[in-house]
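Okay, final-v2.pdb now, which holds PDB, C-alpha atoms:
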ATOM      1  CA  MET A  20    -166.645   2.595-123.196
ATOM      2  CA  GLU A  21    -166.202  -1.158-122.848
ATOM      3  CA  LYS A  22    -163.313  -2.577-124.846
ATOM      4  CA  VAL A  23    -164.654  -4.405-127.910
ATOM      5  CA  LYS A  24    -163.481  -8.016-128.004
ATOM      6  CA  LYS A  25    -162.751  -9.620-131.361
ATOM      7  CA  GLU A  26    -163.311 -13.165-130.175
ATOM      8  CA  LEU A  27    -165.340 -14.840-127.480
ATOM      9  CA  PRO A  28    -163.277 -16.888-125.010
ATOM     10  CA  ALA A  29    -163.842 -20.609-124.422
ATOM     11  CA  TYR A  30    -162.930 -22.813-121.483
ATOM     12  CA  LYS A  31    -162.569 -26.498-120.657
ATOM     13  CA  VAL A  32    -164.606 -27.944-117.813
ATOM     14  CA  GLY A  33    -163.173 -31.461-117.938
ATOM     15  CA  ARG A  34    -166.377 -33.231-118.869
ATOM     16  CA  ARG A  35    -168.780 -33.398-121.790
ATOM     17  CA  ILE A  36    -171.519 -30.782-121.521
ATOM     18  CA  GLY A  37    -174.756 -31.515-123.336
ATOM     19  CA  GLU A  38    -178.397 -30.487-123.170
ATOM     20  CA  GLN A  39    -179.163 -32.229-119.874
ATOM     21  CA  GLU A  40    -176.145 -30.766-118.042
ATOM     22  CA  MET A  41    -177.098 -27.334-119.376
ATOM     23  CA  GLU A  42    -180.715 -27.602-118.180
ATOM     24  CA  GLU A  43    -179.623 -28.773-114.739
ATOM     25  CA  ALA A  44    -177.120 -25.909-114.500
ATOM     26  CA  LEU A  45    -179.838 -23.425-115.485
ATOM     27  CA  LEU A  46    -182.125 -24.638-112.725
ATOM     28  CA  ARG A  47    -179.335 -24.562-110.132
ATOM     29  CA  GLY A  48    -178.201 -21.097-111.217
ATOM     30  CA  LEU A  49    -181.720 -19.701-111.261
ATOM     31  CA  ARG A  50    -182.448 -21.187-107.865
ATOM     32  CA  LYS A  51    -179.315 -19.583-106.409
ATOM     33  CA  ALA A  52    -180.180 -16.258-108.042
ATOM     34  CA  LEU A  53    -183.657 -16.306-106.550
ATOM     35  CA  ILE A  54    -183.176 -17.774-103.096
ATOM     36  CA  GLY A  55    -179.420 -17.729-102.518
TER      37      GLY A  55
ATOM     38  CA  MET B  14    -181.803 -11.460-141.998
ATOM     39  CA  ASP B  15    -181.035 -10.754-138.374
ATOM     40  CA  THR B  16    -180.904 -13.749-136.079
ATOM     41  CA  VAL B  17    -182.019 -14.252-132.496
ATOM     42  CA  VAL B  18    -179.484 -16.496-130.798
ATOM     43  CA  ASP B  19    -180.645 -18.822-128.029
ATOM     44  CA  THR B  20    -178.840 -19.482-124.751
ATOM     45  CA  ASN B  21    -177.572 -22.942-125.646
ATOM     46  CA  VAL B  22    -175.573 -21.614-128.611
ATOM     47  CA  PHE B  23    -173.532 -19.314-126.368
ATOM     48  CA  VAL B  24    -173.095 -21.996-123.708
ATOM     49  CA  TYR B  25    -171.765 -24.500-126.243
ATOM     50  CA  ARG B  26    -169.528 -21.747-127.630
ATOM     51  CA  ALA B  27    -168.161 -20.952-124.150
ATOM     52  CA  ILE B  28    -167.283 -24.535-123.230
ATOM     53  CA  LYS B  29    -164.569 -26.204-125.276
ATOM     54  CA  ASP B  30    -165.486 -29.740-124.301
ATOM     55  CA  SER B  31    -169.214 -29.321-124.872
ATOM     56  CA  GLU B  32    -171.184 -31.371-127.336
ATOM     57  CA  TYR B  33    -171.488 -28.701-130.032
ATOM     58  CA  HIS B  34    -168.572 -26.373-129.371
ATOM     59  CA  GLU B  35    -167.127 -26.386-132.896
ATOM     60  CA  SER B  36    -170.563 -26.253-134.481
ATOM     61  CA  SER B  37    -171.629 -23.259-132.367
ATOM     62  CA  ARG B  38    -168.363 -21.514-133.138
ATOM     63  CA  SER B  39    -168.903 -21.914-136.897
ATOM     64  CA  LEU B  40    -172.541 -20.873-136.755
ATOM     65  CA  LEU B  41    -171.851 -17.731-134.748
ATOM     66  CA  ALA B  42    -169.021 -16.841-137.114
ATOM     67  CA  SER B  43    -171.387 -17.178-140.087
ATOM     68  CA  ILE B  44    -174.002 -14.770-138.697
ATOM     69  CA  SER B  45    -173.397 -11.044-139.092
ATOM     70  CA  LYS B  46    -175.520  -9.839-136.178
ATOM     71  CA  TRP B  47    -176.514 -11.662-132.987
ATOM     72  CA  LEU B  48    -179.812 -10.436-131.561
ATOM     73  CA  VAL B  49    -179.665 -11.436-127.908
ATOM     74  CA  PRO B  50    -182.869 -11.057-125.867
ATOM     75  CA  THR B  51    -182.228 -10.004-122.283
ATOM     76  CA  ILE B  52    -183.661 -13.313-121.014
ATOM     77  CA  VAL B  53    -180.919 -15.109-122.977
ATOM     78  CA  VAL B  54    -178.226 -12.990-121.317
ATOM     79  CA  HIS B  55    -179.665 -13.878-117.901
ATOM     80  CA  GLU B  56    -179.780 -17.580-118.747
ATOM     81  CA  VAL B  57    -176.174 -17.506-119.970
ATOM     82  CA  VAL B  58    -175.199 -15.870-116.657
ATOM     83  CA  TRP B  59    -176.987 -18.552-114.633
ATOM     84  CA  VAL B  60    -175.729 -21.516-116.679
ATOM     85  CA  LEU B  61    -172.107 -20.443-117.067
ATOM     86  CA  GLY B  62    -171.938 -19.328-113.443
ATOM     87  CA  GLU B  63    -172.674 -22.940-112.552
ATOM     88  CA  LEU B  64    -170.584 -24.680-115.211
ATOM     89  CA  LEU B  65    -167.524 -22.416-115.357
ATOM     90  CA  GLY B  66    -167.536 -20.608-112.037
ATOM     91  CA  GLY B  67    -167.687 -16.873-111.480
ATOM     92  CA  GLY B  68    -164.412 -15.647-113.013
ATOM     93  CA  LYS B  69    -164.616 -17.409-116.358
ATOM     94  CA  ALA B  70    -168.369 -16.848-116.648
ATOM     95  CA  LEU B  71    -167.848 -13.151-116.042
ATOM     96  CA  ALA B  72    -165.126 -12.944-118.690
ATOM     97  CA  PHE B  73    -167.289 -14.700-121.276
ATOM     98  CA  ILE B  74    -170.366 -12.604-120.590
ATOM     99  CA  LYS B  75    -168.413  -9.349-120.679
ATOM    100  CA  ALA B  76    -166.912 -10.402-124.018
ATOM    101  CA  LEU B  77    -170.366 -11.364-125.291
ATOM    102  CA  ILE B  78    -172.099  -8.110-124.431
ATOM    103  CA  SER B  79    -169.245  -6.021-125.840
ATOM    104  CA  HIS B  80    -168.812  -8.093-129.014
ATOM    105  CA  ARG B  81    -169.252  -6.137-132.226
ATOM    106  CA  LYS B  82    -171.920  -8.590-133.479
ATOM    107  CA  THR B  83    -174.028  -8.500-130.325
ATOM    108  CA  GLU B  84    -177.178  -6.451-130.081
ATOM    109  CA  ILE B  85    -178.957  -6.878-126.766
ATOM    110  CA  VAL B  86    -182.701  -6.630-127.316
ATOM    111  CA  PRO B  87    -185.237  -6.106-124.537
ATOM    112  CA  VAL B  88    -188.072  -8.452-123.744
ATOM    113  CA  ILE B  89    -191.090  -6.164-123.836
ATOM    114  CA  LYS B  90    -194.548  -6.245-122.289
ATOM    115  CA  GLN B  91    -196.027  -7.633-125.518
ATOM    116  CA  ASP B  92    -193.647 -10.631-125.388
ATOM    117  CA  ILE B  93    -194.523 -11.361-121.771
ATOM    118  CA  SER B  94    -198.231 -10.998-122.364
ATOM    119  CA  ASN B  95    -198.107 -13.233-125.445
ATOM    120  CA  ALA B  96    -195.959 -15.825-123.644
ATOM    121  CA  LEU B  97    -198.440 -16.000-120.768
ATOM    122  CA  GLY B  98    -201.291 -16.293-123.268
ATOM    123  CA  ARG B  99    -199.611 -19.189-125.056
ATOM    124  CA  ILE B 100    -198.944 -20.976-121.769
ATOM    125  CA  GLU B 101    -202.602 -20.570-120.814
ATOM    126  CA  ASN B 102    -204.010 -21.575-124.205
ATOM    127  CA  GLU B 103    -201.672 -24.520-124.744
ATOM    128  CA  ASN B 104    -202.042 -25.580-121.100
ATOM    129  CA  ILE B 105    -198.307 -26.064-120.760
ATOM    130  CA  SER B 106    -195.899 -25.748-117.853
ATOM    131  CA  PHE B 107    -194.337 -22.470-116.776
ATOM    132  CA  LEU B 108    -191.041 -24.268-117.374
ATOM    133  CA  ARG B 109    -191.482 -23.284-121.028
ATOM    134  CA  TYR B 110    -191.983 -19.593-120.209
ATOM    135  CA  ASN B 111    -188.378 -18.584-121.027
ATOM    136  CA  ASP B 112    -188.515 -20.446-124.339
ATOM    137  CA  LYS B 113    -191.742 -18.711-125.283
ATOM    138  CA  LEU B 114    -190.149 -15.326-124.634
ATOM    139  CA  VAL B 115    -187.261 -16.128-126.989
ATOM    140  CA  VAL B 116    -189.543 -17.357-129.778
ATOM    141  CA  LEU B 117    -191.921 -14.421-129.406
ATOM    142  CA  ALA B 118    -189.070 -11.900-129.405
ATOM    143  CA  ALA B 119    -187.826 -13.413-132.688
ATOM    144  CA  LYS B 120    -191.327 -13.221-134.153
ATOM    145  CA  ARG B 121    -191.807  -9.593-133.112
ATOM    146  CA  MET B 122    -188.489  -8.565-134.675
ATOM    147  CA  ASN B 123    -189.061 -10.581-137.869
ATOM    148  CA  ALA B 124    -185.781 -12.318-137.151
ATOM    149  CA  ALA B 125    -184.607 -15.879-137.676
ATOM    150  CA  LEU B 126    -183.944 -18.137-134.693
ATOM    151  CA  LEU B 127    -180.787 -20.122-134.004
ATOM    152  CA  SER B 128    -181.027 -22.745-131.264
ATOM    153  CA  TYR B 129    -179.932 -26.281-130.430
ATOM    154  CA  ASP B 130    -183.282 -26.873-128.704
ATOM    155  CA  LYS B 131    -185.293 -29.066-131.087
ATOM    156  CA  GLN B 132    -188.548 -28.269-129.303
ATOM    157  CA  LEU B 133    -187.905 -24.537-129.644
ATOM    158  CA  LEU B 134    -187.040 -24.890-133.328
ATOM    159  CA  SER B 135    -190.273 -26.813-133.839
ATOM    160  CA  GLN B 136    -192.305 -24.092-132.087
ATOM    161  CA  ALA B 137    -190.670 -21.452-134.261
ATOM    162  CA  VAL B 138    -191.448 -23.316-137.488
ATOM    163  CA  LYS B 139    -195.112 -23.635-136.466
ATOM    164  CA  GLN B 140    -195.248 -19.862-136.060
ATOM    165  CA  GLY B 141    -193.628 -19.159-139.413
ATOM    166  CA  ILE B 142    -190.346 -17.976-137.921
ATOM    167  CA  PRO B 143    -187.334 -18.798-140.084
ATOM    168  CA  ILE B 144    -184.874 -21.044-138.280
ATOM    169  CA  ILE B 145    -181.232 -21.926-138.542
ATOM    170  CA  ASN B 146    -181.249 -25.627-137.756
ATOM    171  CA  PRO B 147    -177.789 -26.678-136.576
ATOM    172  CA  TYR B 148    -178.689 -30.339-137.018
ATOM    173  CA  LYS B 149    -179.270 -29.952-140.754
ATOM    174  CA  LEU B 150    -176.105 -28.085-141.708
TER     175      LEU B 150
END
Would you encode the structure as structure tokens?
Amino acid sequence: MEKVKKELPAYKVGRRIGEQEMEEALLRGLRKALIG
Amino acid sequence: MDTVVDTNVFVYRAIKDSEYHESSRSLLASISKWLVPTIVVHEVVWVLGELLGGGKALAFIKALISHRKTEIVPVIKQDISNALGRIENENISFLRYNDKLVVLAAKRMNAALLSYDKQLLSQAVKQGIPIINPYKL
């Protein structure tokens, strides 16, 4: 049984992340997942 | 009412210096159950893997799927079929396929939708799905 966490963690990345950065990251991540 | 939570909410929650970190934190705290379609889990994996790197992304996703509020819900054949139908009928790009799955999963489960994607919120409203609009709180 996985330990139940009370709180989600959060991390700093050193730059402001908004909608555009998120969409670009999704495309990069999906591309890597599909074709390496 | 149960609430389907979109990918962007968890990404903003995971990244302290993101645009809506505090807002996403408050919203998630205010909801008693997070319905998380499998496609959302996959998107969180792909996005956080890129933005945080493997170790931190893994820690966040493990915490998310084991959180007491999280209920992972499958995307079923009906959702996929309906999403493809909408794409065909509306003559829109396959780039919106993932979004359609999230909206249609919310509709099927009679759940509300929480997202920072204005286009997705607009689609949900047109289909009579209750929304939690983070921009109007």
How big is the axis-aligned box around the listed atoms of stretch 41-46 of chain A once 3 Å is added on each side, and where is its centre? Give both in Å to one decimal, as JSON.
{"center_x": -179.6, "center_y": -26.1, "center_z": -116.1, "size_x": 11.0, "size_y": 11.3, "size_z": 12.7}
Show me the residues around (-172.3, -29.8, -123.5) - criterion: an atom at most 8 Å away, all atoms listed in the file counted - as number ranges by chain.
A: 35-38, 40-41; B: 24-25, 28, 30-34
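Here the question is which of B:Lys131, B:Phe23, B:Tyr148, B:Ser36 gets nearest to B:Val58 using all atoms listed in the file, and that residue is B:Phe23.
Residues of chain A having any atom within 6 Å of chain B, counting all atoms listed in the file, are Val23, Lys24, Leu27, Pro28, Ala29, Tyr30, Lys31, Arg35, Ile36, Gly37, Ala44, Leu45, Gly48 and Leu49 of chain A.
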Quick one: residues within 7 Å of stretch 124-126 of chain B, all atoms listed in the file counted, chain neighbours fewer than 6 positions away excluded, as a VMD selection string?
chain B and resid 14 to 18 142 to 145
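Taking atom CA of B:Val49 and atom CA of B:Thr83 as endpoints, the distance between them is 6.8 Å.
For the atom pair formed by atom CA of B:Asn146 and atom CA of A:Arg47, the distance is 27.7 Å, given to one decimal.
In terms of minimum interatomic distance to B:Lys149, B:Leu134 ranks closest within B:Val53, B:Leu134, B:Val22, B:Ile105, counting all atoms listed in the file.
Take the candidates B:Leu108, B:Pro147, B:Lys139, B:Leu114 and check each one against A:Glu42 using all atoms listed in the file; the shortest distance goes to B:Leu108.
The residues returned by the PyMOL selection byres ((chain B and resi 117) around 9) for this structure are Gln91, Asp92, Ile93, Asn95, Ala96, Asp112, Lys113, Leu114, Val115, Val116, Ala118, Ala119, Lys120, Arg121, Met122 and Ala137 of chain B.
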